[in-house]
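Q: Provided below: model.cif, containing mmCIF, C-alpha atoms.
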data_model
loop_
_atom_site.group_PDB
_atom_site.id
_atom_site.type_symbol
_atom_site.label_atom_id
_atom_site.label_comp_id
_atom_site.auth_asym_id
_atom_site.auth_seq_id
_atom_site.Cartn_x
_atom_site.Cartn_y
_atom_site.Cartn_z
ATOM 1 C CA MET A 122 4.351 20.943 8.504
ATOM 2 C CA ASP A 123 7.645 20.191 6.855
ATOM 3 C CA LYS A 124 8.713 17.217 4.772
ATOM 4 C CA ALA A 125 11.049 15.853 7.476
ATOM 5 C CA PHE A 126 8.097 15.533 9.864
ATOM 6 C CA TYR A 127 6.075 13.539 7.322
ATOM 7 C CA SER A 128 9.107 11.391 6.566
ATOM 8 C CA ALA A 129 9.598 10.644 10.275
ATOM 9 C CA LEU A 130 5.879 9.885 10.597
ATOM 10 C CA ALA A 131 6.039 7.503 7.618
ATOM 11 C CA ILE A 132 9.103 5.765 9.091
ATOM 12 C CA ALA A 133 7.295 5.468 12.443
ATOM 13 C CA LEU A 134 4.276 3.941 10.663
ATOM 14 C CA THR A 135 6.642 1.529 8.926
ATOM 15 C CA LEU A 136 8.105 0.416 12.257
ATOM 16 C CA VAL A 137 4.679 0.216 13.902
ATOM 17 C CA ALA A 138 3.392 -1.875 10.984
ATOM 18 C CA PHE A 139 6.333 -4.235 10.856
ATOM 19 C CA ALA A 140 6.851 -4.840 14.611
ATOM 20 C CA PRO A 141 3.676 -6.893 15.222
ATOM 21 C CA TYR A 142 4.011 -8.519 11.796
ATOM 22 C CA VAL A 143 7.532 -9.712 12.618
ATOM 23 C CA ARG A 144 6.359 -10.866 16.067
ATOM 24 C CA SER A 145 3.507 -12.801 14.487
ATOM 25 C CA ILE A 146 5.989 -14.538 12.165
ATOM 26 C CA TRP A 147 8.134 -15.548 15.153
ATOM 27 C CA ARG A 148 5.028 -16.915 16.907
ATOM 28 C CA GLY A 149 4.058 -18.895 13.809
ATOM 29 C CA GLU A 150 0.769 -17.000 13.440
ATOM 30 C CA THR A 151 1.722 -15.358 10.143
ATOM 31 C CA LYS A 152 3.290 -17.368 7.371
ATOM 32 C CA PRO A 153 4.462 -14.927 4.699
ATOM 33 C CA HIS A 154 5.281 -16.121 1.222
ATOM 34 C CA VAL A 155 9.087 -15.991 1.091
ATOM 35 C CA PHE A 156 9.318 -15.203 -2.607
ATOM 36 C CA SER A 157 6.824 -12.336 -2.454
ATOM 37 C CA TRP A 158 8.832 -10.774 0.351
ATOM 38 C CA LEU A 159 12.136 -11.275 -1.461
ATOM 39 C CA ILE A 160 10.702 -9.596 -4.564
ATOM 40 C CA TRP A 161 9.176 -6.788 -2.495
ATOM 41 C CA GLY A 162 12.411 -6.192 -0.591
ATOM 42 C CA ALA A 163 14.527 -6.004 -3.723
ATOM 43 C CA THR A 164 12.077 -3.820 -5.642
ATOM 44 C CA THR A 165 11.421 -1.494 -2.704
ATOM 45 C CA PHE A 166 15.094 -0.859 -2.105
ATOM 46 C CA VAL A 167 15.819 -0.158 -5.780
ATOM 47 C CA VAL A 168 12.822 2.214 -5.945
ATOM 48 C CA PHE A 169 14.296 3.991 -2.912
ATOM 49 C CA LEU A 170 17.513 4.510 -4.912
ATOM 50 C CA ALA A 171 15.517 5.755 -7.924
ATOM 51 C CA GLN A 172 13.562 8.171 -5.734
ATOM 52 C CA LEU A 173 16.821 9.539 -4.357
ATOM 53 C CA ALA A 174 18.135 9.937 -7.912
ATOM 54 C CA ASP A 175 15.000 11.953 -8.802
ATOM 55 C CA ARG A 176 15.346 14.241 -5.764
ATOM 56 C CA GLY A 177 12.642 12.557 -3.657
ATOM 57 C CA GLY A 178 14.543 13.688 -0.562
ATOM 58 C CA ALA A 179 13.141 12.925 2.869
ATOM 59 C CA GLY A 180 10.104 11.232 1.313
ATOM 60 C CA ALA A 181 12.337 8.495 -0.056
ATOM 61 C CA TRP A 182 13.674 7.468 3.352
ATOM 62 C CA PRO A 183 10.541 5.576 4.487
ATOM 63 C CA ILE A 184 10.767 3.502 1.306
ATOM 64 C CA GLY A 185 14.441 2.730 2.032
ATOM 65 C CA VAL A 186 13.681 1.710 5.624
ATOM 66 C CA SER A 187 10.820 -0.428 4.362
ATOM 67 C CA GLY A 188 13.092 -2.106 1.794
ATOM 68 C CA ILE A 189 15.569 -3.157 4.461
ATOM 69 C CA ILE A 190 12.889 -4.438 6.827
ATOM 70 C CA THR A 191 11.118 -6.229 3.965
ATOM 71 C CA LEU A 192 14.295 -8.125 3.139
ATOM 72 C CA TYR A 193 14.452 -9.109 6.825
ATOM 73 C CA VAL A 194 10.875 -10.455 6.598
ATOM 74 C CA ALA A 195 11.916 -12.507 3.547
ATOM 75 C CA TYR A 196 14.799 -13.886 5.596
ATOM 76 C CA LEU A 197 12.433 -14.728 8.477
ATOM 77 C CA ALA A 198 9.970 -16.383 6.096
ATOM 78 C CA TYR A 199 12.822 -18.555 4.875
ATOM 79 C CA VAL A 200 14.307 -19.506 8.253
ATOM 80 C CA ARG A 201 10.897 -19.972 9.921
ATOM 81 C CA GLN A 202 9.905 -22.171 6.982
ATOM 82 C CA ALA A 203 6.754 -20.223 6.266
ATOM 83 C CA ASP A 204 5.271 -20.474 2.783
ATOM 84 C CA ALA A 205 8.170 -21.299 0.473
ATOM 85 C CA SER A 206 6.182 -22.703 -2.438
ATOM 86 C CA ILE A 207 7.717 -21.219 -5.551
ATOM 87 C CA THR A 208 5.880 -21.449 -8.837
ATOM 88 C CA ARG A 209 7.182 -20.783 -12.318
ATOM 89 C CA ALA A 210 5.334 -17.427 -12.262
ATOM 90 C CA ASP A 211 7.152 -16.501 -9.026
ATOM 91 C CA GLY A 212 10.471 -17.103 -10.770
ATOM 92 C CA CYS A 213 9.366 -14.923 -13.685
ATOM 93 C CA PHE A 214 8.476 -12.078 -11.296
ATOM 94 C CA PHE A 215 11.902 -12.309 -9.700
ATOM 95 C CA ILE A 216 13.669 -12.240 -13.069
ATOM 96 C CA ALA A 217 11.559 -9.239 -14.103
ATOM 97 C CA ALA A 218 12.573 -7.456 -10.890
ATOM 98 C CA LEU A 219 16.215 -8.047 -11.698
ATOM 99 C CA ALA A 220 15.654 -6.820 -15.278
ATOM 100 C CA ALA A 221 14.718 -3.352 -14.004
ATOM 101 C CA LEU A 222 18.309 -2.573 -13.064
ATOM 102 C CA PRO A 223 19.702 -2.950 -16.591
ATOM 103 C CA ALA A 224 16.713 -0.948 -17.921
ATOM 104 C CA TRP A 225 17.657 1.899 -15.601
ATOM 105 C CA ALA A 226 21.320 1.645 -16.605
ATOM 106 C CA VAL A 227 20.558 1.579 -20.345
ATOM 107 C CA THR A 228 18.027 4.444 -20.326
ATOM 108 C CA ALA A 229 19.795 6.483 -17.601
ATOM 109 C CA ASP A 230 16.286 7.377 -16.452
ATOM 110 C CA PRO A 231 15.097 6.153 -13.053
ATOM 111 C CA LEU A 232 11.463 6.392 -14.247
ATOM 112 C CA TRP A 233 11.812 3.225 -16.332
ATOM 113 C CA ALA A 234 13.211 1.338 -13.362
ATOM 114 C CA VAL A 235 10.342 2.579 -11.176
ATOM 115 C CA VAL A 236 7.716 1.628 -13.775
ATOM 116 C CA ILE A 237 9.175 -1.856 -14.154
ATOM 117 C CA LEU A 238 9.695 -2.317 -10.414
ATOM 118 C CA THR A 239 6.199 -1.092 -9.578
ATOM 119 C CA ALA A 240 4.731 -3.573 -12.050
ATOM 120 C CA VAL A 241 6.938 -6.351 -10.677
ATOM 121 C CA ASP A 242 6.111 -5.431 -7.087
ATOM 122 C CA LEU A 243 2.408 -5.553 -7.869
ATOM 123 C CA LEU A 244 2.863 -8.860 -9.666
ATOM 124 C CA GLY A 245 4.878 -10.002 -6.655
ATOM 125 C CA PHE A 246 1.634 -9.731 -4.715
ATOM 126 C CA ALA A 247 0.309 -12.665 -6.785
ATOM 127 C CA PRO A 248 1.793 -15.451 -4.602
ATOM 128 C CA THR A 249 0.532 -13.729 -1.458
ATOM 129 C CA PHE A 250 -2.916 -13.125 -2.973
ATOM 130 C CA ARG A 251 -3.010 -16.793 -4.062
ATOM 131 C CA LYS A 252 -2.007 -18.005 -0.605
ATOM 132 C CA ALA A 253 -4.339 -15.590 1.215
ATOM 133 C CA TRP A 254 -7.255 -16.603 -1.007
ATOM 134 C CA HIS A 255 -6.917 -20.178 0.243
ATOM 135 C CA ARG A 256 -5.703 -19.374 3.795
ATOM 136 C CA PRO A 257 -6.966 -15.856 4.601
ATOM 137 C CA HIS A 258 -6.331 -16.249 8.331
ATOM 138 C CA ASP A 259 -2.570 -16.575 7.751
ATOM 139 C CA GLU A 260 -2.291 -12.842 7.069
ATOM 140 C CA HIS A 261 -2.010 -9.973 9.541
ATOM 141 C CA LEU A 262 -4.356 -7.336 8.086
ATOM 142 C CA PRO A 263 -3.417 -4.377 10.326
ATOM 143 C CA PHE A 264 0.044 -4.582 8.766
ATOM 144 C CA PHE A 265 -1.308 -3.945 5.281
ATOM 145 C CA VAL A 266 -3.618 -1.160 6.524
ATOM 146 C CA LEU A 267 -0.641 0.593 8.141
ATOM 147 C CA LEU A 268 1.443 0.154 4.984
ATOM 148 C CA ALA A 269 -1.280 1.784 2.896
ATOM 149 C CA LEU A 270 -1.323 4.706 5.324
ATOM 150 C CA ARG A 271 2.495 4.831 5.410
ATOM 151 C CA ASN A 272 2.658 5.106 1.629
ATOM 152 C CA ILE A 273 0.195 7.989 1.612
ATOM 153 C CA VAL A 274 2.248 9.813 4.264
ATOM 154 C CA ALA A 275 5.477 9.035 2.363
ATOM 155 C CA ILE A 276 4.000 10.696 -0.734
ATOM 156 C CA THR A 277 3.255 13.769 1.369
ATOM 157 C CA ALA A 278 6.898 13.793 2.547
ATOM 158 C CA LEU A 279 8.361 13.802 -0.963
ATOM 159 C CA GLU A 280 10.410 16.867 -1.758
ATOM 160 C CA HIS A 281 9.924 16.483 -5.511
ATOM 161 C CA TYR A 282 6.753 15.141 -7.104
ATOM 162 C CA SER A 283 7.094 13.238 -10.341
ATOM 163 C CA LEU A 284 5.936 9.914 -11.718
ATOM 164 C CA THR A 285 9.291 8.506 -10.606
ATOM 165 C CA THR A 286 8.771 9.488 -6.971
ATOM 166 C CA VAL A 287 4.983 8.999 -6.624
ATOM 167 C CA LEU A 288 4.110 5.928 -8.728
ATOM 168 C CA PHE A 289 5.509 3.231 -6.433
ATOM 169 C CA PRO A 290 4.054 4.368 -3.084
ATOM 170 C CA ALA A 291 0.675 5.221 -4.673
ATOM 171 C CA ALA A 292 0.400 1.849 -6.397
ATOM 172 C CA LEU A 293 1.398 0.007 -3.232
ATOM 173 C CA ALA A 294 -1.131 1.898 -1.131
ATOM 174 C CA LEU A 295 -3.868 0.859 -3.551
ATOM 175 C CA ALA A 296 -2.635 -2.756 -3.654
ATOM 176 C CA CYS A 297 -2.652 -2.943 0.157
ATOM 177 C CA VAL A 298 -6.219 -1.636 0.315
ATOM 178 C CA LEU A 299 -7.372 -4.164 -2.299
ATOM 179 C CA PHE A 300 -5.539 -6.990 -0.493
ATOM 180 C CA VAL A 301 -7.185 -6.124 2.837
ATOM 181 C CA ALA A 302 -10.605 -6.020 1.173
ATOM 182 C CA MET A 303 -10.054 -9.401 -0.497
ATOM 183 C CA VAL A 304 -8.828 -11.096 2.696
ATOM 184 C CA ALA A 305 -11.658 -9.637 4.779
ATOM 185 C CA GLN A 306 -14.193 -10.865 2.222
ATOM 186 C CA ARG A 307 -12.634 -14.353 2.086
ATOM 187 C CA ARG A 308 -12.698 -14.581 5.886
ATOM 188 C CA ARG A 309 -16.414 -13.698 5.862
ATOM 189 C CA VAL A 310 -17.143 -16.281 3.162
ATOM 190 C CA LEU A 311 -15.233 -19.045 4.947
ATOM 191 C CA ARG A 312 -16.946 -18.270 8.266
ATOM 192 C CA ARG A 313 -20.336 -19.072 6.746
#
Starting from the file, lay out its structure as structure tokens.
A:
Amino acid sequence: MDKAFYSALAIALTLVAFAPYVRSIWRGETKPHVFSWLIWGATTFVVFLAQLADRGGAGAWPIGVSGIITLYVAYLAYVRQADASITRADGCFFIAALAALPAWAVTADPLWAVVILTAVDLLGFAPTFRKAWHRPHDEHLPFFVLLALRNIVAITALEHYSLTTVLFPAALALACVLFVAMVAQRRRVLRR
């Protein structure tokens, strides 16, 4: 199968993952952490640009679509007044995300931006992990399962494999799997 097929499949998984998640936000069932989603949206979109710069081709498009939708989720989290608690660490993560752009400009190498943004994106999970630890039922787990799968398919769709193009989706797939495992375990513990 060709790369365009895998890219389309990854985009479809992105839309399938986000549709019920967005609906659950509108219903008040899911209360995403606004700052996590703002960080994720910004980092995802910049990684999309870095993947394009490193010839990621069709495999980069699912990351770009995800970046745009993720920024929309951040907007929804804000307007629906979901979890807007912002700690000092959250502010540091956001500043670190913004610092990746000058690093890319200074080094002229998208790898450094991707390394920084991947680290920031993973650190951006901290507010959501913290919130989900205390309120594990506020999260929509199928969303994170589909995102893990989407990232694996997006890697398959890449037209050029390098650390720049693979690091971000691979790290996010792993983070999603770990998040799902943690939330599932916390739900079991709290049920007892």
Q: Could you please determine the separation between CA of Leu136 in chain A and CA of Phe156 in chain A in Å, to one decimal place?
A: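 Those two atoms sit 21.6 Å apart.
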Q: Between A:Ala131, A:Leu243, A:Ala125, A:Leu219, which one has atoms that come closest to Ile273 in chain A, using all atoms listed in the file?
A: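 Using all atoms listed in the file, Ile273 in chain A sits closest to A:Ala131.
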Q: Could you produce a table of the residues of range 252-302 of chain A lying within 7 Å of range 147-154 of chain A, with the nearest pair of atoms per residue and their separation in Å rounded to one decimal, using all atoms listed in the file, ordered by chain and increasing residue number, as a tab-separated table?
A:
residue	atom	partner	partner_atom	distance
A:Asp259	CA	A:Thr151	CA	5.1
A:Glu260	CA	A:Thr151	CA	5.6
A:His261	CA	A:Thr151	CA	6.6
Q: Selection in question (the file shown): the PyMOL selection byres ((chain A and resi 248) around 12). Which residues does it include, as number ranges by chain?
A: A: 153-161, 204-215, 242-247, 249-256, 300
Q: Counting all atoms listed in the file, figure out which residue out of A:Gln202, A:Thr164, A:Pro263, A:Pro257 gets nearest to Val137 in chain A.
A: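 Ranking A:Gln202, A:Thr164, A:Pro263, A:Pro257 by distance to Val137 in chain A, first place goes to A:Pro263.
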Q: Can you work out which one of A:His258, A:Arg144, A:Lys124, A:Arg271 has the shortest atom-to-atom distance to Val304 in chain A, counting all atoms listed in the file?
A: A:His258
Q: When you draw a straight line from CA of Thr277 in chain A to CA of Tyr142 in chain A, how long is it in Å?
A: 24.6 Å
Q: With 6 Å as the threshold, what does the neighbourhood of (7.7, -14.2, 7.2) contain in terms of residues, counting all atoms listed in the file? Coordinates are those of the file; answer as a PyMOL selection string.
A: chain A and resi 146+152-153+194-195+197-198
Q: How would you write, as a list in words, the residues chosen by the PyMOL selection byres ((chain A and resi 130) around 12) on this structure?
A: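 Checked against the file, the PyMOL selection byres ((chain A and resi 130) around 12) matches Met122, Asp123, Lys124, Ala125, Phe126, Tyr127, Ser128, Ala129, Ala131, Ile132, Ala133, Leu134, Thr135, Leu136, Val137, Ala179, Gly180, Trp182, Pro183, Leu267, Leu270, Arg271, Asn272, Ile273, Val274, Ala275, Ile276, Thr277 and Ala278 of chain A.
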Q: Next, write the just-selected residues to a file, as a short mmCIF file (atom, residue, chain, number, x, y, z; two decimals), keeping the file's coordinate frame, keeping C-alpha atoms as the atom set.
A:
data_model
loop_
_atom_site.label_atom_id
_atom_site.label_comp_id
_atom_site.auth_asym_id
_atom_site.auth_seq_id
_atom_site.Cartn_x
_atom_site.Cartn_y
_atom_site.Cartn_z
CA MET A 122 4.35 20.94 8.50
CA ASP A 123 7.64 20.19 6.86
CA LYS A 124 8.71 17.22 4.77
CA ALA A 125 11.05 15.85 7.48
CA PHE A 126 8.10 15.53 9.86
CA TYR A 127 6.08 13.54 7.32
CA SER A 128 9.11 11.39 6.57
CA ALA A 129 9.60 10.64 10.28
CA ALA A 131 6.04 7.50 7.62
CA ILE A 132 9.10 5.76 9.09
CA ALA A 133 7.30 5.47 12.44
CA LEU A 134 4.28 3.94 10.66
CA THR A 135 6.64 1.53 8.93
CA LEU A 136 8.10 0.42 12.26
CA VAL A 137 4.68 0.22 13.90
CA ALA A 179 13.14 12.92 2.87
CA GLY A 180 10.10 11.23 1.31
CA TRP A 182 13.67 7.47 3.35
CA PRO A 183 10.54 5.58 4.49
CA LEU A 267 -0.64 0.59 8.14
CA LEU A 270 -1.32 4.71 5.32
CA ARG A 271 2.50 4.83 5.41
CA ASN A 272 2.66 5.11 1.63
CA ILE A 273 0.20 7.99 1.61
CA VAL A 274 2.25 9.81 4.26
CA ALA A 275 5.48 9.04 2.36
CA ILE A 276 4.00 10.70 -0.73
CA THR A 277 3.26 13.77 1.37
CA ALA A 278 6.90 13.79 2.55
#
Q: When you draw a straight line from CA of Ala140 in chain A to CA of Ile190 in chain A, how long is it in Å?
A: 9.9 Å
Q: Determine the nearest neighbour of Ile216 in chain A from the options A:Ala163, A:Ala138, A:Leu173, A:Ala229, counting all atoms listed in the file.
A: A:Ala163
Q: Kindly provide, as an mmCIF file with C-alpha atoms, in the frame of the given file, the polymer residues lying within 12 Å of (13.4, -3.3, -17.0), counting only C-alpha atoms and using the coordinates exactly as they appear in the file.
A:
data_model
loop_
_atom_site.group_PDB
_atom_site.id
_atom_site.type_symbol
_atom_site.label_atom_id
_atom_site.label_comp_id
_atom_site.auth_asym_id
_atom_site.auth_seq_id
_atom_site.Cartn_x
_atom_site.Cartn_y
_atom_site.Cartn_z
ATOM 1 C CA THR A 164 12.077 -3.820 -5.642
ATOM 2 C CA VAL A 167 15.819 -0.158 -5.780
ATOM 3 C CA PHE A 214 8.476 -12.078 -11.296
ATOM 4 C CA PHE A 215 11.902 -12.309 -9.700
ATOM 5 C CA ILE A 216 13.669 -12.240 -13.069
ATOM 6 C CA ALA A 217 11.559 -9.239 -14.103
ATOM 7 C CA ALA A 218 12.573 -7.456 -10.890
ATOM 8 C CA LEU A 219 16.215 -8.047 -11.698
ATOM 9 C CA ALA A 220 15.654 -6.820 -15.278
ATOM 10 C CA ALA A 221 14.718 -3.352 -14.004
ATOM 11 C CA LEU A 222 18.309 -2.573 -13.064
ATOM 12 C CA PRO A 223 19.702 -2.950 -16.591
ATOM 13 C CA ALA A 224 16.713 -0.948 -17.921
ATOM 14 C CA TRP A 225 17.657 1.899 -15.601
ATOM 15 C CA ALA A 226 21.320 1.645 -16.605
ATOM 16 C CA VAL A 227 20.558 1.579 -20.345
ATOM 17 C CA THR A 228 18.027 4.444 -20.326
ATOM 18 C CA ALA A 229 19.795 6.483 -17.601
ATOM 19 C CA ASP A 230 16.286 7.377 -16.452
ATOM 20 C CA PRO A 231 15.097 6.153 -13.053
ATOM 21 C CA LEU A 232 11.463 6.392 -14.247
ATOM 22 C CA TRP A 233 11.812 3.225 -16.332
ATOM 23 C CA ALA A 234 13.211 1.338 -13.362
ATOM 24 C CA VAL A 235 10.342 2.579 -11.176
ATOM 25 C CA VAL A 236 7.716 1.628 -13.775
ATOM 26 C CA ILE A 237 9.175 -1.856 -14.154
ATOM 27 C CA LEU A 238 9.695 -2.317 -10.414
ATOM 28 C CA THR A 239 6.199 -1.092 -9.578
ATOM 29 C CA ALA A 240 4.731 -3.573 -12.050
ATOM 30 C CA VAL A 241 6.938 -6.351 -10.677
#
Q: Between A:Phe139, A:Leu170, A:Ala181, A:Gln306, which residue has the minimum interatomic distance to Tyr193 in chain A, considering all atoms listed in the file?
A: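 Looking at the shortest contact to Tyr193 in chain A, the residue is A:Phe139.
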Q: Since the input is missing atoms for range 169-192 of chain A, could you rebuild it with N, CA and C atoms and give the result as a PDB file, keeping the file's coordinate frame?
A:
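Below is the file that was written, rebuild.pdb:
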ATOM      1  N   PHE A 169      13.717   3.004  -3.820  1.00  0.00           N
ATOM      2  CA  PHE A 169      14.296   3.991  -2.912  1.00  0.00           C
ATOM      3  C   PHE A 169      15.479   4.692  -3.592  1.00  0.00           C
ATOM      4  N   LEU A 170      16.363   3.930  -4.216  1.00  0.00           N
ATOM      5  CA  LEU A 170      17.513   4.510  -4.912  1.00  0.00           C
ATOM      6  C   LEU A 170      17.064   5.398  -6.075  1.00  0.00           C
ATOM      7  N   ALA A 171      16.030   4.960  -6.804  1.00  0.00           N
ATOM      8  CA  ALA A 171      15.517   5.755  -7.924  1.00  0.00           C
ATOM      9  C   ALA A 171      14.874   7.047  -7.418  1.00  0.00           C
ATOM     10  N   GLN A 172      14.157   6.961  -6.297  1.00  0.00           N
ATOM     11  CA  GLN A 172      13.562   8.171  -5.734  1.00  0.00           C
ATOM     12  C   GLN A 172      14.642   9.170  -5.312  1.00  0.00           C
ATOM     13  N   LEU A 173      15.708   8.659  -4.726  1.00  0.00           N
ATOM     14  CA  LEU A 173      16.821   9.539  -4.357  1.00  0.00           C
ATOM     15  C   LEU A 173      17.412  10.204  -5.598  1.00  0.00           C
ATOM     16  N   ALA A 174      17.568   9.409  -6.673  1.00  0.00           N
ATOM     17  CA  ALA A 174      18.135   9.937  -7.912  1.00  0.00           C
ATOM     18  C   ALA A 174      17.245  11.029  -8.511  1.00  0.00           C
ATOM     19  N   ASP A 175      15.927  10.958  -8.263  1.00  0.00           N
ATOM     20  CA  ASP A 175      15.000  11.953  -8.802  1.00  0.00           C
ATOM     21  C   ASP A 175      14.620  13.002  -7.756  1.00  0.00           C
ATOM     22  N   ARG A 176      15.483  13.202  -6.782  1.00  0.00           N
ATOM     23  CA  ARG A 176      15.346  14.241  -5.764  1.00  0.00           C
ATOM     24  C   ARG A 176      14.118  14.067  -4.875  1.00  0.00           C
ATOM     25  N   GLY A 177      13.771  12.816  -4.549  1.00  0.00           N
ATOM     26  CA  GLY A 177      12.642  12.557  -3.657  1.00  0.00           C
ATOM     27  C   GLY A 177      12.902  13.032  -2.238  1.00  0.00           C
ATOM     28  N   GLY A 178      14.170  13.164  -1.868  1.00  0.00           N
ATOM     29  CA  GLY A 178      14.543  13.688  -0.562  1.00  0.00           C
ATOM     30  C   GLY A 178      14.037  12.861   0.601  1.00  0.00           C
ATOM     31  N   ALA A 179      13.576  13.577   1.631  1.00  0.00           N
ATOM     32  CA  ALA A 179      13.141  12.925   2.869  1.00  0.00           C
ATOM     33  C   ALA A 179      12.010  11.933   2.631  1.00  0.00           C
ATOM     34  N   GLY A 180      11.200  12.148   1.620  1.00  0.00           N
ATOM     35  CA  GLY A 180      10.104  11.232   1.313  1.00  0.00           C
ATOM     36  C   GLY A 180      10.564   9.879   0.828  1.00  0.00           C
ATOM     37  N   ALA A 181      11.801   9.783   0.394  1.00  0.00           N
ATOM     38  CA  ALA A 181      12.337   8.495  -0.056  1.00  0.00           C
ATOM     39  C   ALA A 181      12.772   7.621   1.122  1.00  0.00           C
ATOM     40  N   TRP A 182      13.136   8.247   2.228  1.00  0.00           N
ATOM     41  CA  TRP A 182      13.674   7.468   3.352  1.00  0.00           C
ATOM     42  C   TRP A 182      12.724   6.407   3.887  1.00  0.00           C
ATOM     43  N   PRO A 183      11.422   6.654   4.011  1.00  0.00           N
ATOM     44  CA  PRO A 183      10.541   5.576   4.487  1.00  0.00           C
ATOM     45  C   PRO A 183      10.550   4.359   3.559  1.00  0.00           C
ATOM     46  N   ILE A 184      10.708   4.617   2.262  1.00  0.00           N
ATOM     47  CA  ILE A 184      10.767   3.502   1.306  1.00  0.00           C
ATOM     48  C   ILE A 184      12.062   2.721   1.511  1.00  0.00           C
ATOM     49  N   GLY A 185      13.170   3.407   1.767  1.00  0.00           N
ATOM     50  CA  GLY A 185      14.441   2.730   2.032  1.00  0.00           C
ATOM     51  C   GLY A 185      14.387   1.892   3.300  1.00  0.00           C
ATOM     52  N   VAL A 186      13.824   2.458   4.364  1.00  0.00           N
ATOM     53  CA  VAL A 186      13.681   1.710   5.624  1.00  0.00           C
ATOM     54  C   VAL A 186      12.803   0.483   5.391  1.00  0.00           C
ATOM     55  N   SER A 187      11.723   0.683   4.664  1.00  0.00           N
ATOM     56  CA  SER A 187      10.820  -0.428   4.362  1.00  0.00           C
ATOM     57  C   SER A 187      11.520  -1.514   3.552  1.00  0.00           C
ATOM     58  N   GLY A 188      12.364  -1.123   2.596  1.00  0.00           N
ATOM     59  CA  GLY A 188      13.092  -2.106   1.794  1.00  0.00           C
ATOM     60  C   GLY A 188      13.983  -2.990   2.647  1.00  0.00           C
ATOM     61  N   ILE A 189      14.684  -2.388   3.586  1.00  0.00           N
ATOM     62  CA  ILE A 189      15.569  -3.157   4.461  1.00  0.00           C
ATOM     63  C   ILE A 189      14.766  -4.102   5.350  1.00  0.00           C
ATOM     64  N   ILE A 190      13.705  -3.591   5.950  1.00  0.00           N
ATOM     65  CA  ILE A 190      12.889  -4.438   6.827  1.00  0.00           C
ATOM     66  C   ILE A 190      12.203  -5.547   6.023  1.00  0.00           C
ATOM     67  N   THR A 191      11.779  -5.238   4.813  1.00  0.00           N
ATOM     68  CA  THR A 191      11.118  -6.229   3.965  1.00  0.00           C
ATOM     69  C   THR A 191      12.066  -7.379   3.627  1.00  0.00           C
ATOM     70  N   LEU A 192      13.317  -7.061   3.374  1.00  0.00           N
ATOM     71  CA  LEU A 192      14.295  -8.125   3.139  1.00  0.00           C
ATOM     72  C   LEU A 192      14.478  -8.983   4.398  1.00  0.00           C
TER      73      LEU A 192
END
